>>> print(open('target14.csv').read())   # CSV, C-alpha atoms
chain,number,residue,atom,x,y,z
H,1,ASN,CA,-166.7,-165.7,159.9
H,2,VAL,CA,-167.6,-165.0,163.5
H,3,ALA,CA,-169.5,-168.0,164.8
H,4,GLY,CA,-170.1,-169.8,168.1
H,5,SER,CA,-172.4,-171.4,170.5
H,6,ILE,CA,-173.6,-171.1,174.0
H,7,ILE,CA,-174.8,-173.9,176.3
H,8,VAL,CA,-177.7,-172.8,178.4
H,9,TYR,CA,-179.1,-174.4,181.6
H,10,ASP,CA,-182.8,-173.5,181.8
H,11,MET,CA,-185.1,-174.1,184.7
H,12,ASN,CA,-188.1,-172.2,183.3
H,13,ASP,CA,-188.5,-173.9,179.9
H,14,ILE,CA,-187.9,-170.6,178.1
H,15,ARG,CA,-187.3,-172.4,174.9
H,16,THR,CA,-191.0,-173.4,174.8
H,17,LEU,CA,-192.3,-170.1,176.2
H,18,PHE,CA,-190.4,-168.0,173.7
H,19,PRO,CA,-189.7,-170.3,170.7
H,20,ILE,CA,-186.5,-169.6,168.8
H,21,THR,CA,-187.4,-169.5,165.1
H,22,GLY,CA,-184.0,-168.5,163.7
H,23,LEU,CA,-184.8,-164.8,163.3
H,24,GLU,CA,-183.5,-163.7,166.7
H,25,LYS,CA,-180.5,-161.6,167.4
H,26,LEU,CA,-177.9,-162.1,170.1
H,27,SER,CA,-176.6,-158.9,171.5
H,28,LEU,CA,-173.5,-159.0,173.7
H,29,LYS,CA,-170.2,-157.3,174.6
H,30,PHE,CA,-167.1,-158.9,176.1
H,31,GLY,CA,-163.4,-158.2,176.5
H,32,THR,CA,-160.2,-158.9,178.4
H,33,PRO,CA,-159.5,-157.0,181.6
H,34,GLY,CA,-156.6,-154.6,181.1
H,35,THR,CA,-157.1,-154.1,177.4
H,36,ALA,CA,-158.7,-151.2,175.8
H,37,SER,CA,-160.7,-153.0,173.1
H,38,GLY,CA,-163.1,-155.9,173.3
H,39,TYR,CA,-165.8,-157.3,171.1
H,40,ASP,CA,-169.0,-155.4,170.6
H,41,PHE,CA,-171.9,-157.3,169.2
H,42,SER,CA,-174.6,-155.0,170.7
H,43,GLU,CA,-177.6,-153.4,169.1
H,44,GLU,CA,-176.5,-149.9,170.1
H,45,THR,CA,-172.9,-149.7,169.0
H,46,GLY,CA,-172.0,-153.0,167.2
H,47,VAL,CA,-173.5,-155.7,164.9
H,48,PRO,CA,-175.6,-158.3,166.8
H,49,LEU,CA,-175.1,-161.9,166.0
H,50,GLN,CA,-177.7,-164.1,164.3
H,51,ILE,CA,-179.2,-167.1,166.1
H,52,TYR,CA,-179.6,-170.0,163.5
H,53,LYS,CA,-180.1,-173.2,165.5
H,54,VAL,CA,-181.0,-174.7,168.9
H,55,ASP,CA,-179.7,-178.2,169.4
H,56,LYS,CA,-178.7,-180.9,171.9
H,57,VAL,CA,-181.7,-180.5,174.2
H,58,THR,CA,-181.1,-182.7,177.2
H,59,ARG,CA,-183.1,-183.0,180.4
H,60,ASP,CA,-181.3,-182.7,183.7
H,61,PRO,CA,-181.4,-186.2,185.3
H,62,THR,CA,-181.1,-184.6,188.8
H,63,ASN,CA,-183.9,-182.0,188.4
H,64,ASP,CA,-187.2,-182.5,186.6
H,65,LYS,CA,-187.4,-178.8,185.7
H,66,GLY,CA,-183.9,-178.4,184.4
H,67,GLN,CA,-182.7,-178.8,180.8
H,68,LEU,CA,-179.6,-178.0,178.8
H,69,TYR,CA,-179.5,-176.9,175.2
H,70,GLN,CA,-177.0,-175.3,172.9
H,71,ILE,CA,-177.8,-172.1,171.0
H,72,PHE,CA,-175.7,-171.6,167.8
H,73,PHE,CA,-175.0,-168.1,166.4
H,74,CYS,CA,-173.0,-166.4,163.7
H,75,SER,CA,-172.4,-163.1,162.0
H,76,PRO,CA,-175.4,-161.8,160.0
H,77,GLU,CA,-173.2,-162.0,156.8
H,78,MET,CA,-172.6,-165.7,157.3
H,79,PHE,CA,-176.4,-166.2,157.7
H,80,ARG,CA,-177.2,-164.2,154.5
H,81,ASN,CA,-174.5,-166.2,152.6
H,82,ALA,CA,-176.4,-169.4,153.3
H,83,THR,CA,-179.7,-167.9,152.0
H,84,THR,CA,-178.5,-165.8,149.0
H,85,LYS,CA,-177.3,-166.5,145.4
H,86,ILE,CA,-175.7,-164.1,143.0
H,87,SER,CA,-176.0,-164.0,139.2
H,88,LYS,CA,-174.2,-160.9,138.0
H,89,ALA,CA,-171.5,-159.6,135.7
H,90,TYR,CA,-168.6,-157.5,137.0
H,91,ALA,CA,-166.0,-155.4,135.1
H,92,GLY,CA,-163.0,-153.6,136.6
H,93,PRO,CA,-160.9,-154.2,139.6
H,94,VAL,CA,-161.7,-157.3,141.6
H,95,GLU,CA,-161.9,-155.4,144.9
H,96,ASP,CA,-164.9,-153.4,143.5
H,97,ALA,CA,-166.8,-156.6,142.8
H,98,VAL,CA,-166.0,-157.9,146.3
H,99,HIS,CA,-167.1,-154.6,147.8
H,100,ASP,CA,-170.4,-154.8,145.8
H,101,ILE,CA,-171.1,-158.3,147.0
H,102,LEU,CA,-170.3,-157.4,150.6
H,103,ARG,CA,-172.5,-154.3,150.6
H,104,ASN,CA,-175.4,-155.2,148.3
H,105,HIS,CA,-175.8,-159.0,148.7
H,106,LEU,CA,-174.5,-159.7,152.2
H,107,LYS,CA,-175.8,-156.3,153.4
H,108,SER,CA,-172.8,-155.7,155.6
H,109,LYS,CA,-172.2,-152.4,157.3
H,110,LYS,CA,-168.8,-153.5,158.7
H,111,PRO,CA,-165.7,-151.7,157.4
H,112,PHE,CA,-164.0,-153.3,154.3
H,113,HIS,CA,-160.2,-153.2,154.2
H,114,PHE,CA,-158.6,-154.3,151.0
H,115,GLU,CA,-155.3,-154.4,149.2
H,116,PRO,CA,-155.6,-152.9,145.7
H,117,THR,CA,-155.4,-155.3,142.8
H,118,ALA,CA,-153.8,-154.9,139.4
H,119,THR,CA,-156.6,-157.1,137.9
H,120,ASN,CA,-158.9,-155.2,135.6
H,121,ALA,CA,-161.1,-157.8,133.8
H,122,LYS,CA,-164.7,-158.9,133.3
H,123,TYR,CA,-166.2,-161.8,135.3
H,124,VAL,CA,-169.6,-163.4,135.3
H,125,ILE,CA,-170.9,-164.9,138.6
H,126,PRO,CA,-173.3,-167.8,137.6
H,127,ASN,CA,-175.7,-168.3,140.5
H,128,LEU,CA,-173.2,-168.7,143.3
H,129,LYS,CA,-173.4,-168.0,147.0
H,130,PRO,CA,-171.7,-164.7,147.9
H,131,TYR,CA,-168.6,-166.4,149.6
H,132,GLU,CA,-168.2,-168.8,146.6
H,133,ALA,CA,-168.3,-165.7,144.3
H,134,ILE,CA,-165.7,-163.9,146.4
H,135,ASN,CA,-163.5,-167.0,146.6
H,136,PHE,CA,-163.6,-167.3,142.8
H,137,LEU,CA,-162.7,-163.6,142.4
H,138,ALA,CA,-159.8,-164.1,144.9
H,139,THR,CA,-158.4,-166.8,142.6
H,140,GLN,CA,-158.4,-164.3,139.8
H,141,ALA,CA,-156.8,-161.3,141.7
H,142,GLN,CA,-153.3,-160.1,141.2
H,143,SER,CA,-151.8,-157.8,143.7
H,144,LYS,CA,-150.8,-154.3,142.5
H,145,LYS,CA,-147.8,-154.3,145.0
H,146,PHE,CA,-146.7,-157.9,144.9
H,147,ARG,CA,-146.6,-158.9,141.2
H,148,VAL,CA,-145.8,-162.6,141.8
H,149,ASN,CA,-148.1,-163.6,144.6
H,150,ALA,CA,-149.9,-166.7,146.0
H,151,GLY,CA,-153.4,-165.2,145.7
H,152,TYR,CA,-155.9,-163.3,147.8
H,153,VAL,CA,-157.9,-164.3,150.9
H,154,PHE,CA,-161.2,-162.9,152.2
H,155,TYR,CA,-161.9,-163.1,155.9
H,156,GLU,CA,-163.9,-161.5,158.7
H,157,THR,CA,-162.7,-160.3,162.1
H,158,SER,CA,-164.9,-159.0,164.9
H,159,GLU,CA,-164.3,-155.5,163.5
H,160,ALA,CA,-164.1,-155.6,159.7
H,161,PHE,CA,-163.9,-157.6,156.5
H,162,HIS,CA,-160.5,-158.0,154.8
H,163,PHE,CA,-159.5,-158.8,151.2
H,164,ARG,CA,-155.7,-159.0,150.8
H,165,SER,CA,-152.9,-161.0,149.3
H,166,ILE,CA,-151.1,-163.7,151.2
H,167,ASP,CA,-147.8,-161.9,150.5
H,168,SER,CA,-149.0,-158.8,152.3
H,169,MET,CA,-150.0,-161.0,155.3
H,170,MET,CA,-146.6,-162.5,155.3
H,171,GLY,CA,-145.0,-159.0,155.4
H,172,PHE,CA,-143.0,-159.3,152.3
H,173,ASP,CA,-141.8,-156.0,150.7
>>> encode(input="target14.csv", output="structure tokens")
Amino acid sequence: NVAGSIIVYDMNDIRTLFPITGLEKLSLKFGTPGTASGYDFSEETGVPLQIYKVDKVTRDPTNDKGQLYQIFFCSPEMFRNATTKISKAYAGPVEDAVHDILRNHLKSKKPFHFEPTATNAKYVIPNLKPYEAINFLATQAQSKKFRVNAGYVFYETSEAFHFRSIDSMMGFD
């Protein structure tokens, strides 16, 4: 997932004036000079990040008003994964089940890129977190293109979610 933290130096005790409860969003954009694309986690055109913890609050020993603290954030899907469980039966291609979990349980609007599977079976997800369910489904998936493969992986980039075989990532034909 996309996750990180920011260390803040605060002279106005904003943390007390505007308490962070864990429901706030962090909206930002950044990129590398000279490149066309960057990272967009803004409200207007991207998906803002979820703040989930404030930690390591430390007073500045040289200034009575100053304090340092660390704000932790992650993608909204990572946050929902920690607070959601799935109990559901799936039938058909594995990528359809992964797509359902991504859209209906993790509530993601990010694009979903997948490599088609040859697996067409029935699976029961018994009260698992969404990523645990997807990881289980990945162990059951067989690639349509690479008949003998090492399995599938599910991962997030700043732009999309991906579900593909390890062989396709290695560039085997």
>>> closest_residue(input="target14.csv", among="H:Lys29, H:Lys129, H:Lys88, H:Lys122", to="Ser158 in chain H", atoms="only C-alpha atoms")
H:Lys29
>>> residues_near_point(input="target14.csv", point="(-156.9, -154.9, 138.0)", cutoff="10 Å", atoms="all atoms listed in the file", output="PyMOL selection string")
chain H and resi 91-96+116-122+140-144
>>> closest_residue(input="target14.csv", among="H:Gly4, H:Gly151, H:Gly46, H:Gly171", to="Phe72 in chain H", atoms="all atoms listed in the file")
H:Gly4
>>> residues_near_point(input="target14.csv", point="(-149.6, -164.6, 151.7)", cutoff="8 Å", atoms="only C-alpha atoms", output="list in words")
Asn149, Ala150, Gly151, Tyr152, Ser165, Ile166, Asp167, Ser168, Met169 and Met170 of chain H
>>> closest_residue(input="target14.csv", among="H:Val148, H:Asn81, H:Phe154, H:His162", to="Leu128 in chain H", atoms="only C-alpha atoms")
H:Asn81
>>> atom_distance(input="target14.csv", atom1="CA of Phe79 in chain H", atom2="CA of His113 in chain H")
21.1 Å
>>> atom_distance(input="target14.csv", atom1="CA of Glu44 in chain H", atom2="CA of Ala160 in chain H")
17.2 Å
>>> closest_residue(input="target14.csv", among="H:Leu28, H:Leu17, H:Ala97, H:Val124", to="Asp40 in chain H", atoms="all atoms listed in the file")
H:Leu28
>>> atom_distance(input="target14.csv", atom1="CA of Leu49 in chain H", atom2="CA of Lys65 in chain H")
28.7 Å
>>> build_atoms(input="target14.csv", residues="range 117-140 of chain H", atoms="N, CA and C atoms", output="short mmCIF file (atom, residue, chain, number, x, y, z; two decimals), in the coordinates of the input")
data_model
loop_
_atom_site.label_atom_id
_atom_site.label_comp_id
_atom_site.auth_asym_id
_atom_site.auth_seq_id
_atom_site.Cartn_x
_atom_site.Cartn_y
_atom_site.Cartn_z
N THR H 117 -155.82 -154.33 143.76
CA THR H 117 -155.40 -155.30 142.80
C THR H 117 -154.98 -154.68 141.49
N ALA H 118 -154.18 -155.40 140.72
CA ALA H 118 -153.80 -154.90 139.40
C ALA H 118 -154.76 -155.55 138.35
N THR H 119 -155.66 -156.38 138.78
CA THR H 119 -156.60 -157.10 137.90
C THR H 119 -157.69 -156.14 137.44
N ASN H 120 -157.88 -156.04 136.13
CA ASN H 120 -158.90 -155.20 135.60
C ASN H 120 -159.57 -156.05 134.44
N ALA H 121 -160.58 -156.83 134.78
CA ALA H 121 -161.10 -157.80 133.80
C ALA H 121 -162.66 -157.85 134.02
N LYS H 122 -163.29 -158.68 133.19
CA LYS H 122 -164.70 -158.90 133.30
C LYS H 122 -164.95 -160.33 133.80
N TYR H 123 -165.92 -160.46 134.71
CA TYR H 123 -166.20 -161.80 135.30
C TYR H 123 -167.75 -161.90 135.36
N VAL H 124 -168.23 -163.11 135.13
CA VAL H 124 -169.60 -163.40 135.30
C VAL H 124 -169.79 -164.40 136.42
N ILE H 125 -170.61 -164.02 137.39
CA ILE H 125 -170.90 -164.90 138.60
C ILE H 125 -172.18 -165.64 138.25
N PRO H 126 -172.10 -166.98 138.05
CA PRO H 126 -173.30 -167.80 137.60
C PRO H 126 -174.01 -168.44 138.77
N ASN H 127 -174.87 -167.72 139.46
CA ASN H 127 -175.70 -168.30 140.50
C ASN H 127 -174.93 -168.97 141.61
N LEU H 128 -174.00 -168.21 142.19
CA LEU H 128 -173.20 -168.70 143.30
C LEU H 128 -173.56 -168.02 144.60
N LYS H 129 -173.26 -168.68 145.71
CA LYS H 129 -173.40 -168.00 147.00
C LYS H 129 -172.36 -166.92 147.08
N PRO H 130 -172.61 -165.86 147.85
CA PRO H 130 -171.70 -164.70 147.90
C PRO H 130 -170.24 -165.13 148.22
N TYR H 131 -170.02 -166.00 149.21
CA TYR H 131 -168.60 -166.40 149.60
C TYR H 131 -168.00 -167.20 148.45
N GLU H 132 -168.78 -168.02 147.74
CA GLU H 132 -168.20 -168.80 146.60
C GLU H 132 -167.80 -167.79 145.51
N ALA H 133 -168.60 -166.76 145.27
CA ALA H 133 -168.30 -165.70 144.30
C ALA H 133 -166.99 -165.00 144.67
N ILE H 134 -166.89 -164.61 145.94
CA ILE H 134 -165.70 -163.90 146.40
C ILE H 134 -164.47 -164.80 146.33
N ASN H 135 -164.61 -166.06 146.68
CA ASN H 135 -163.50 -167.00 146.60
C ASN H 135 -163.03 -167.17 145.12
N PHE H 136 -163.99 -167.21 144.20
CA PHE H 136 -163.60 -167.30 142.80
C PHE H 136 -162.86 -166.02 142.39
N LEU H 137 -163.37 -164.86 142.76
CA LEU H 137 -162.70 -163.60 142.40
C LEU H 137 -161.31 -163.53 143.06
N ALA H 138 -161.15 -164.08 144.26
CA ALA H 138 -159.80 -164.10 144.90
C ALA H 138 -158.83 -164.90 144.12
N THR H 139 -159.28 -165.96 143.45
CA THR H 139 -158.40 -166.80 142.60
C THR H 139 -157.91 -166.01 141.39
N GLN H 140 -158.67 -165.02 140.98
CA GLN H 140 -158.40 -164.30 139.80
C GLN H 140 -157.54 -162.99 140.07
#
